[in-house]
Amino acid sequence: MKVIGVVDTTFARFDMASAVIHELKQTGTGFKIERSTIPGVKDLPVASKILIEEKGCDIVIALGMPGAAEIDKVCAHEASTGLIQVQLLTNHHIIEVFVHEDEAKNDKELRWLADRRAREHAVNAYDLLFHPERLQKKAGTGQRQGFDDAGRIGE
Amino acid sequence: MKVIGVVDTTFARFDMASAVIHELKQTGTGFKIERSTIPGVKDLPVASKILIEEKGCDIVIALGMPGAAEIDKVCAHEASTGLIQVQLLTNHHIIEVFVHEDEAKNDKELRWLADRRAREHAVNAYDLLFHPERLQKKAGTGQRQGFDDAGRIGE
Amino acid sequence: MKVIGVVDTTFARFDMASAVIHELKQTGTGFKIERSTIPGVKDLPVASKILIEEKGCDIVIALGMPGAAEIDKVCAHEASTGLIQVQLLTNHHIIEVFVHEDEAKNDKELRWLADRRAREHAVNAYDLLFHPERLQKKAGTGQRQGFDDAGRIGE
Amino acid sequence: MKVIGVVDTTFARFDMASAVIHELKQTGTGFKIERSTIPGVKDLPVASKILIEEKGCDIVIALGMPGAAEIDKVCAHEASTGLIQVQLLTNHHIIEVFVHEDEAKNDKELRWLADRRAREHAVNAYDLLFHPERLQKKAGTGQRQGFDDAGRIGE
Amino acid sequence: MKVIGVVDTTFARFDMASAVIHELKQTGTGFKIERSTIPGVKDLPVASKILIEEKGCDIVIALGMPGAAEIDKVCAHEASTGLIQVQLLTNHHIIEVFVHEDEAKNDKELRWLADRRAREHAVNAYDLLFHPERLQKKAGTGQRQGFDDAGRIGE
């Protein structure tokens with residue numbers, strides 16, 4: 001039985017964790033889920049590390065929704081840097097799922113985007129853990145999470 | 001008995017530590033407080049690490065009030081990066097509470113903001129330590145510390 | 001028998017890994033290849049570390065194709081920083097091969113560039129592993145991967 | 001007997017180390033000084049680490065005077081990041097004293113600023129080592145080193 | 001017998017390593033040189049670490065010539081950050097010698113600058129290793145490598 005960690009924030013304005021968990025359960029079996037919620041994206045790195053080292057997670061999905069201001073971009077950068085460090089300290093993957101508030105043109109699209117990106121990355125995490133060959137088949141094909149795939153160059 | 005570290009700076013222009021300590025005592029029991037004061041935000045990372053490793057703190061609240069100049073933004077970024085590193089080195093949470101001098105429109109609002117944000121993050125730290133389920137209930141609900149909560153998208 | 005790791009992304013819009021593997025096989029012998037594919041460039045650092053530490057790779061070629069937006073530049077920077085950290089943690093070289101979508105003036109050139117840069121860096125990785133003296137002969141000669149070499153100053 | 005490290009650069013255009021040492025001797029006793037000089041601010045992190053780990057320093061004062069160009073700002077940022085890392089690796093404080101060449105309106109003010117900031121931070125280092133309670137008394141009071149203190153908000 | 005590492009890139013457009021080695025031999029004795037060449041500046045950190053840890057170098061001179069584009073500035077920053085990390089991991093100095101292509105007004109000056117800076121930093125490395133007191137005598141005197149020294153403020 002594998003363990004998938006799901007960590008999110010009270011700062012985010014959409015419940016991406018529920019979308020992730022719903023999608024994971026539709027995608028396959030053989031895992032259980034460990035949940036954790038912290039205030040903001042800068043708390044994600046240590047929360048992810050604790051999920052891996054103290055809760056036995058084999059992979060973590062780290063969910064965040066940074067605001068649109070410059071300071072929020074800096075926070076997201078600091079969080080991302082920390083999430084990479086955790087991966088290097090643990091040799092475990094963390095799938096970072098960030099949706100920036102200014103990525104969508106209105107609230108409806110933002111909700112759709114947060115839900116869609118969370119679900120597509122849930123499948124990525126599942127595949128990394130159980131079916132890495134599925135990712136390899138899509139190597140270099142311009143996959144995107146949320147908005148339309150970019151596809152191969154010129155296609 | 002848990003230990004909550006509170007570290008602040010002589011650079012800050014408001015006594016956020018007193019607000020934090022007052023709020024913590026109103027919020028619950030079962031902890032004692034370790035205090036530390038250093039010159040500026042760049043001194044927060046090692047001070048926080050010492051509180052965790054040498055003073056036995058289970059969590060640290062790190063308080064800073066960066067100035068409005070570009071150089072102050074860089075200092076805050078360096079401090080934040082260091083605070084995340086400490087968390088990864090210790091597997092302990094540090095709640096960073098920074099109030100930027102240019103976040104408020106006048107002195108009165110700045111004082112209010114520093115007090116309010118310090119208090120709301122004191123509760124976050126308390127909940128992380130004693131009631132993590134309270135944070136999970138607020139996952140994805142757009143919580144903010146200081147100014148009004150952003151709420152769920154479209155609400 | 002040496003082991004060369006090749007890691008790429010599903011985000012990239014060109015199959016640089018195939019170009020790398022093709023070029024490596026044309027360049028020499030004495031090695032086998034370990035493949036890995038992950039979603040995006042921020043997943044490259046830990047994937048590279050796993051290739052080195054768990055798959056026995058002597059060197060890794062890390063392939064990515066960041067988009068043209070500002071956020072993509074930040075992701076690439078975070079990935080690069082992580083790739084350098086992995087090298088320092090393992091004392092193994094990782095040859096980073098990034099092609100930014102805005103480096104070429106059209107799709108045709110972008111495909112050409114991705115293929116060309118991947119192949120030239122494949123030779124660099126091979127030389128680092130088997131013939132470091134070949135790199136030393138080219139020290140300070142303005143080599144570029146993809147576009148024309150810059151050459152020595154004033155030549 | 002405590003040991004205070006003082007490290008400076010040949011790049012700086014003012015002898016801040018002498019100001020620091022003079023001020024330290026006026027401030028108190030119970031310490032000896034270890035000196036080190038390196039070319040530029042990017043050499044400060046390892047020089048500080050060597051002072052702590054190989055020369056037994058209990059605290060280090062790291063002095064630098066970055067130029068006014070953009071590249072100098074980047075160097076200062078890299079140096080600061082490194083100085084924070086050293087602190088986290090050693091659990092010792094390093095008081096960074098940087099004076100940027102563009103902080104003053106003319107040469108006379110720049111000399112005054114470098115001297116003043118060095119001296120005020122010398123006292124901070126001394127207090128951190130011998131009288132941390134003195135810093136705590138000034139928590140949140142808007143202390144500045146060099147130019148006038150900012151004071152509490154609204155005062 | 002001390003060992004001085006000299007690492008450079010095939011990307012650079014001037015043979016700074018030869019200038020460094022020539023200058024070192026004119027400056028003194030008691031050392032031998034270990035050479036290494038890698039593709040670009042981002043490969044310098046691990047190459048320097050290998051020189052120190054696997055080739056027994058007591059100090060390393062890391063040579064690079066970043067291009068003038070924004071992406072080159074980012075690469076240089078990543079390389080510098082990595083070089084500082086190596087120093088902290090090894091407690092050995094690395095003298096970074098970067099010449100940016102846009103620092104000079106024409107090719108002739110760029111060649112002159114690369115040669116001059118390499119030579120002056122070769123002496124810095126030699127002094128750090130054999131005569132640190134020579135650096136201390138120049139503390140705070142505004143030394144520059146390549147272009148004219150800035151001198152003490154107001155002189």
# chains A, B, ... in the order shown; residues from 1 in each chain; ligands from 1

$ residues_around --residues "B:Leu128" --least-positions-apart "5" --cutoff "10 Å" --atoms "only C-alpha atoms" --output "list of chain:residue names"
A:Thr37, A:Ile38, A:Pro39, B:Ile59, B:His93, B:Ile95, B:Ala122, B:Val123, B:Glu133, B:Arg134, B:Leu135, B:Gln136

$ write_last_selection --atoms "all heavy atoms" --output "mmCIF file, in the first residue's frame"
data_model
loop_
_atom_site.group_PDB
_atom_site.id
_atom_site.type_symbol
_atom_site.label_atom_id
_atom_site.label_comp_id
_atom_site.auth_asym_id
_atom_site.auth_seq_id
_atom_site.Cartn_x
_atom_site.Cartn_y
_atom_site.Cartn_z
ATOM 1 N N THR A 37 -3.068 20.509 6.248
ATOM 2 C CA THR A 37 -3.403 21.870 5.804
ATOM 3 C C THR A 37 -2.610 22.870 6.616
ATOM 4 O O THR A 37 -2.540 22.766 7.846
ATOM 5 C CB THR A 37 -4.912 22.160 5.976
ATOM 6 O OG1 THR A 37 -5.658 21.217 5.208
ATOM 7 C CG2 THR A 37 -5.250 23.562 5.498
ATOM 8 N N ILE A 38 -1.997 23.802 5.933
ATOM 9 C CA ILE A 38 -1.205 24.829 6.604
ATOM 10 C C ILE A 38 -1.652 26.211 6.104
ATOM 11 O O ILE A 38 -2.429 26.309 5.161
ATOM 12 C CB ILE A 38 0.303 24.584 6.381
ATOM 13 C CG1 ILE A 38 0.622 24.076 4.965
ATOM 14 C CG2 ILE A 38 0.787 23.522 7.354
ATOM 15 C CD1 ILE A 38 0.528 25.035 3.868
ATOM 16 N N PRO A 39 -1.210 27.304 6.735
ATOM 17 C CA PRO A 39 -1.736 28.618 6.355
ATOM 18 C C PRO A 39 -1.453 29.024 4.900
ATOM 19 O O PRO A 39 -2.385 29.288 4.147
ATOM 20 C CB PRO A 39 -1.065 29.570 7.359
ATOM 21 C CG PRO A 39 -0.821 28.721 8.572
ATOM 22 C CD PRO A 39 -0.448 27.375 8.012
ATOM 23 N N ILE B 59 7.603 25.144 17.836
ATOM 24 C CA ILE B 59 7.220 25.981 16.703
ATOM 25 C C ILE B 59 7.760 27.373 17.004
ATOM 26 O O ILE B 59 7.978 27.716 18.171
ATOM 27 C CB ILE B 59 5.677 26.000 16.524
ATOM 28 C CG1 ILE B 59 5.292 26.545 15.146
ATOM 29 C CG2 ILE B 59 5.002 26.808 17.626
ATOM 30 C CD1 ILE B 59 3.832 26.282 14.769
ATOM 31 N N HIS B 93 7.741 23.738 12.109
ATOM 32 C CA HIS B 93 7.157 24.899 11.442
ATOM 33 C C HIS B 93 7.675 26.210 12.039
ATOM 34 O O HIS B 93 7.882 26.315 13.250
ATOM 35 C CB HIS B 93 5.619 24.883 11.574
ATOM 36 C CG HIS B 93 4.945 24.003 10.577
ATOM 37 N ND1 HIS B 93 4.756 24.392 9.275
ATOM 38 C CD2 HIS B 93 4.425 22.761 10.675
ATOM 39 C CE1 HIS B 93 4.133 23.429 8.612
ATOM 40 N NE2 HIS B 93 3.926 22.414 9.432
ATOM 41 N N ILE B 95 6.237 30.080 11.656
ATOM 42 C CA ILE B 95 5.225 30.960 11.061
ATOM 43 C C ILE B 95 5.856 32.331 10.862
ATOM 44 O O ILE B 95 6.165 33.022 11.839
ATOM 45 C CB ILE B 95 3.971 31.055 11.959
ATOM 46 C CG1 ILE B 95 3.332 29.670 12.117
ATOM 47 C CG2 ILE B 95 2.977 32.057 11.371
ATOM 48 C CD1 ILE B 95 2.772 29.071 10.842
ATOM 49 N N ALA B 122 -0.677 34.194 15.379
ATOM 50 C CA ALA B 122 -0.481 33.524 16.671
ATOM 51 C C ALA B 122 -1.474 32.368 16.794
ATOM 52 O O ALA B 122 -1.119 31.269 17.237
ATOM 53 C CB ALA B 122 -0.668 34.530 17.809
ATOM 54 N N VAL B 123 -2.692 32.625 16.360
ATOM 55 C CA VAL B 123 -3.709 31.564 16.398
ATOM 56 C C VAL B 123 -3.347 30.450 15.419
ATOM 57 O O VAL B 123 -3.492 29.256 15.726
ATOM 58 C CB VAL B 123 -5.112 32.144 16.092
ATOM 59 C CG1 VAL B 123 -6.154 31.036 16.042
ATOM 60 C CG2 VAL B 123 -5.490 33.192 17.136
ATOM 61 N N GLU B 133 -6.608 20.161 12.990
ATOM 62 C CA GLU B 133 -7.894 19.913 12.310
ATOM 63 C C GLU B 133 -8.651 21.227 12.075
ATOM 64 O O GLU B 133 -9.467 21.317 11.161
ATOM 65 C CB GLU B 133 -8.739 18.916 13.118
ATOM 66 C CG GLU B 133 -9.430 19.472 14.361
ATOM 67 C CD GLU B 133 -8.486 19.660 15.562
ATOM 68 O OE1 GLU B 133 -7.273 19.335 15.451
ATOM 69 O OE2 GLU B 133 -8.957 20.142 16.616
ATOM 70 N N ARG B 134 -8.368 22.226 12.912
ATOM 71 C CA ARG B 134 -9.022 23.528 12.710
ATOM 72 C C ARG B 134 -8.540 24.186 11.405
ATOM 73 O O ARG B 134 -9.300 24.870 10.730
ATOM 74 C CB ARG B 134 -8.708 24.470 13.879
ATOM 75 C CG ARG B 134 -9.406 24.071 15.168
ATOM 76 C CD ARG B 134 -9.097 25.072 16.277
ATOM 77 N NE ARG B 134 -9.596 24.603 17.569
ATOM 78 C CZ ARG B 134 -9.247 25.115 18.740
ATOM 79 N NH1 ARG B 134 -8.398 26.132 18.795
ATOM 80 N NH2 ARG B 134 -9.741 24.628 19.858
ATOM 81 N N LEU B 135 -7.269 24.003 11.093
ATOM 82 C CA LEU B 135 -6.757 24.546 9.836
ATOM 83 C C LEU B 135 -7.371 23.791 8.660
ATOM 84 O O LEU B 135 -7.720 24.387 7.639
ATOM 85 C CB LEU B 135 -5.224 24.453 9.800
ATOM 86 C CG LEU B 135 -4.514 25.464 10.708
ATOM 87 C CD1 LEU B 135 -3.072 25.032 10.974
ATOM 88 C CD2 LEU B 135 -4.537 26.853 10.091
ATOM 89 N N GLN B 136 -7.472 22.485 8.803
ATOM 90 C CA GLN B 136 -7.995 21.697 7.689
ATOM 91 C C GLN B 136 -9.439 22.084 7.349
ATOM 92 O O GLN B 136 -9.834 22.081 6.185
ATOM 93 C CB GLN B 136 -7.894 20.198 8.013
ATOM 94 C CG GLN B 136 -8.044 19.349 6.753
ATOM 95 C CD GLN B 136 -7.540 17.936 6.965
ATOM 96 O OE1 GLN B 136 -6.516 17.722 7.612
ATOM 97 N NE2 GLN B 136 -8.247 16.974 6.426
#

$ closest_atom_pairs --of "chain C" --to "chain E" --cutoff "6 Å" --atoms "only C-alpha atoms" --output "Markdown table"
| residue | atom | partner | partner_atom | distance |
| --- | --- | --- | --- | --- |
| C:Gln87 | CA | E:Val46 | CA | 5.7 |
| C:Leu88 | CA | E:Val46 | CA | 5.5 |
| C:Leu135 | CA | E:Thr37 | CA | 5.9 |
| C:Gln136 | CA | E:Thr37 | CA | 5.0 |
| C:Lys138 | CA | E:Thr10 | CA | 5.3 |
| C:Ala139 | CA | E:Thr10 | CA | 4.2 |
| C:Gly140 | CA | E:Ala12 | CA | 4.4 |
| C:Thr141 | CA | E:Arg13 | CA | 5.0 |
| C:Gly142 | CA | E:Arg13 | CA | 4.3 |
| C:Gln143 | CA | E:Phe11 | CA | 4.7 |
| C:Arg152 | CA | E:Arg13 | CA | 4.3 |
| C:Ile153 | CA | E:Arg13 | CA | 5.3 |
| C:Gly154 | CA | E:Asp107 | CA | 5.7 |

$ select_by_dssp --residues "stretch 10-125 of chain A" --states "alpha helix (DSSP H)" --output "PyMOL selection string"
chain A and resi 16-27+44-53+70-90+107-125

$ atom_distance --atom1 "atom CA of C:Arg116" --atom2 "atom CA of C:Gly28"
17.9 Å

$ closest_residue --among "B:Val41, B:Val6, B:Ala150, B:Ala19" --to "D:Glu96" --atoms "only C-alpha atoms"
B:Val41

$ atom_distance --atom1 "atom CA of B:Lys32" --atom2 "atom CA of B:Cys57"
9.2 Å

$ closest_residue --among "A:Ala76, A:Ile84, A:Ala62, A:Ala68" --to "A:His121" --atoms "only C-alpha atoms"
A:Ala62

$ atom_distance --atom1 "atom CA of C:Asp149" --atom2 "atom CA of C:Ala118"
15.0 Å

$ decode --residues "stretch 31-45 of chain B" --atoms "N, CA and C atoms" --output "PDB file, in the first residue's frame"
ATOM      1  N   PHE B  31       1.371  25.572  26.932  1.00  0.00           N
ATOM      2  CA  PHE B  31       2.634  25.960  26.299  1.00  0.00           C
ATOM      3  C   PHE B  31       3.338  27.005  27.148  1.00  0.00           C
ATOM      4  N   LYS B  32       4.646  27.106  26.981  1.00  0.00           N
ATOM      5  CA  LYS B  32       5.358  28.265  27.498  1.00  0.00           C
ATOM      6  C   LYS B  32       6.058  28.951  26.329  1.00  0.00           C
ATOM      7  N   ILE B  33       6.498  30.176  26.557  1.00  0.00           N
ATOM      8  CA  ILE B  33       7.045  30.999  25.469  1.00  0.00           C
ATOM      9  C   ILE B  33       8.535  31.248  25.680  1.00  0.00           C
ATOM     10  N   GLU B  34       9.301  31.123  24.592  1.00  0.00           N
ATOM     11  CA  GLU B  34      10.717  31.506  24.611  1.00  0.00           C
ATOM     12  C   GLU B  34      10.881  32.734  23.720  1.00  0.00           C
ATOM     13  N   ARG B  35      11.432  33.791  24.254  1.00  0.00           N
ATOM     14  CA  ARG B  35      11.581  35.047  23.512  1.00  0.00           C
ATOM     15  C   ARG B  35      13.011  35.232  23.029  1.00  0.00           C
ATOM     16  N   SER B  36      13.157  35.940  21.913  1.00  0.00           N
ATOM     17  CA  SER B  36      14.464  36.290  21.393  1.00  0.00           C
ATOM     18  C   SER B  36      14.296  37.531  20.532  1.00  0.00           C
ATOM     19  N   THR B  37      15.256  38.448  20.608  1.00  0.00           N
ATOM     20  CA  THR B  37      15.206  39.646  19.764  1.00  0.00           C
ATOM     21  C   THR B  37      16.549  39.836  19.085  1.00  0.00           C
ATOM     22  N   ILE B  38      16.517  40.080  17.793  1.00  0.00           N
ATOM     23  CA  ILE B  38      17.746  40.295  17.034  1.00  0.00           C
ATOM     24  C   ILE B  38      17.610  41.584  16.204  1.00  0.00           C
ATOM     25  N   PRO B  39      18.688  42.087  15.610  1.00  0.00           N
ATOM     26  CA  PRO B  39      18.591  43.375  14.931  1.00  0.00           C
ATOM     27  C   PRO B  39      17.589  43.429  13.772  1.00  0.00           C
ATOM     28  N   GLY B  40      17.765  42.564  12.736  1.00  0.00           N
ATOM     29  CA  GLY B  40      16.900  42.699  11.568  1.00  0.00           C
ATOM     30  C   GLY B  40      16.413  41.373  11.028  1.00  0.00           C
ATOM     31  N   VAL B  41      15.605  41.407   9.978  1.00  0.00           N
ATOM     32  CA  VAL B  41      14.974  40.181   9.486  1.00  0.00           C
ATOM     33  C   VAL B  41      15.983  39.140   9.012  1.00  0.00           C
ATOM     34  N   LYS B  42      17.147  39.595   8.544  1.00  0.00           N
ATOM     35  CA  LYS B  42      18.129  38.614   8.078  1.00  0.00           C
ATOM     36  C   LYS B  42      18.738  37.803   9.234  1.00  0.00           C
ATOM     37  N   ASP B  43      18.530  38.285  10.442  1.00  0.00           N
ATOM     38  CA  ASP B  43      19.002  37.543  11.609  1.00  0.00           C
ATOM     39  C   ASP B  43      17.950  36.552  12.119  1.00  0.00           C
ATOM     40  N   LEU B  44      16.747  36.609  11.551  1.00  0.00           N
ATOM     41  CA  LEU B  44      15.668  35.725  12.022  1.00  0.00           C
ATOM     42  C   LEU B  44      15.945  34.245  11.797  1.00  0.00           C
ATOM     43  N   PRO B  45      16.502  33.856  10.625  1.00  0.00           N
ATOM     44  CA  PRO B  45      16.662  32.404  10.419  1.00  0.00           C
ATOM     45  C   PRO B  45      17.501  31.716  11.497  1.00  0.00           C
TER      46      PRO B  45
END
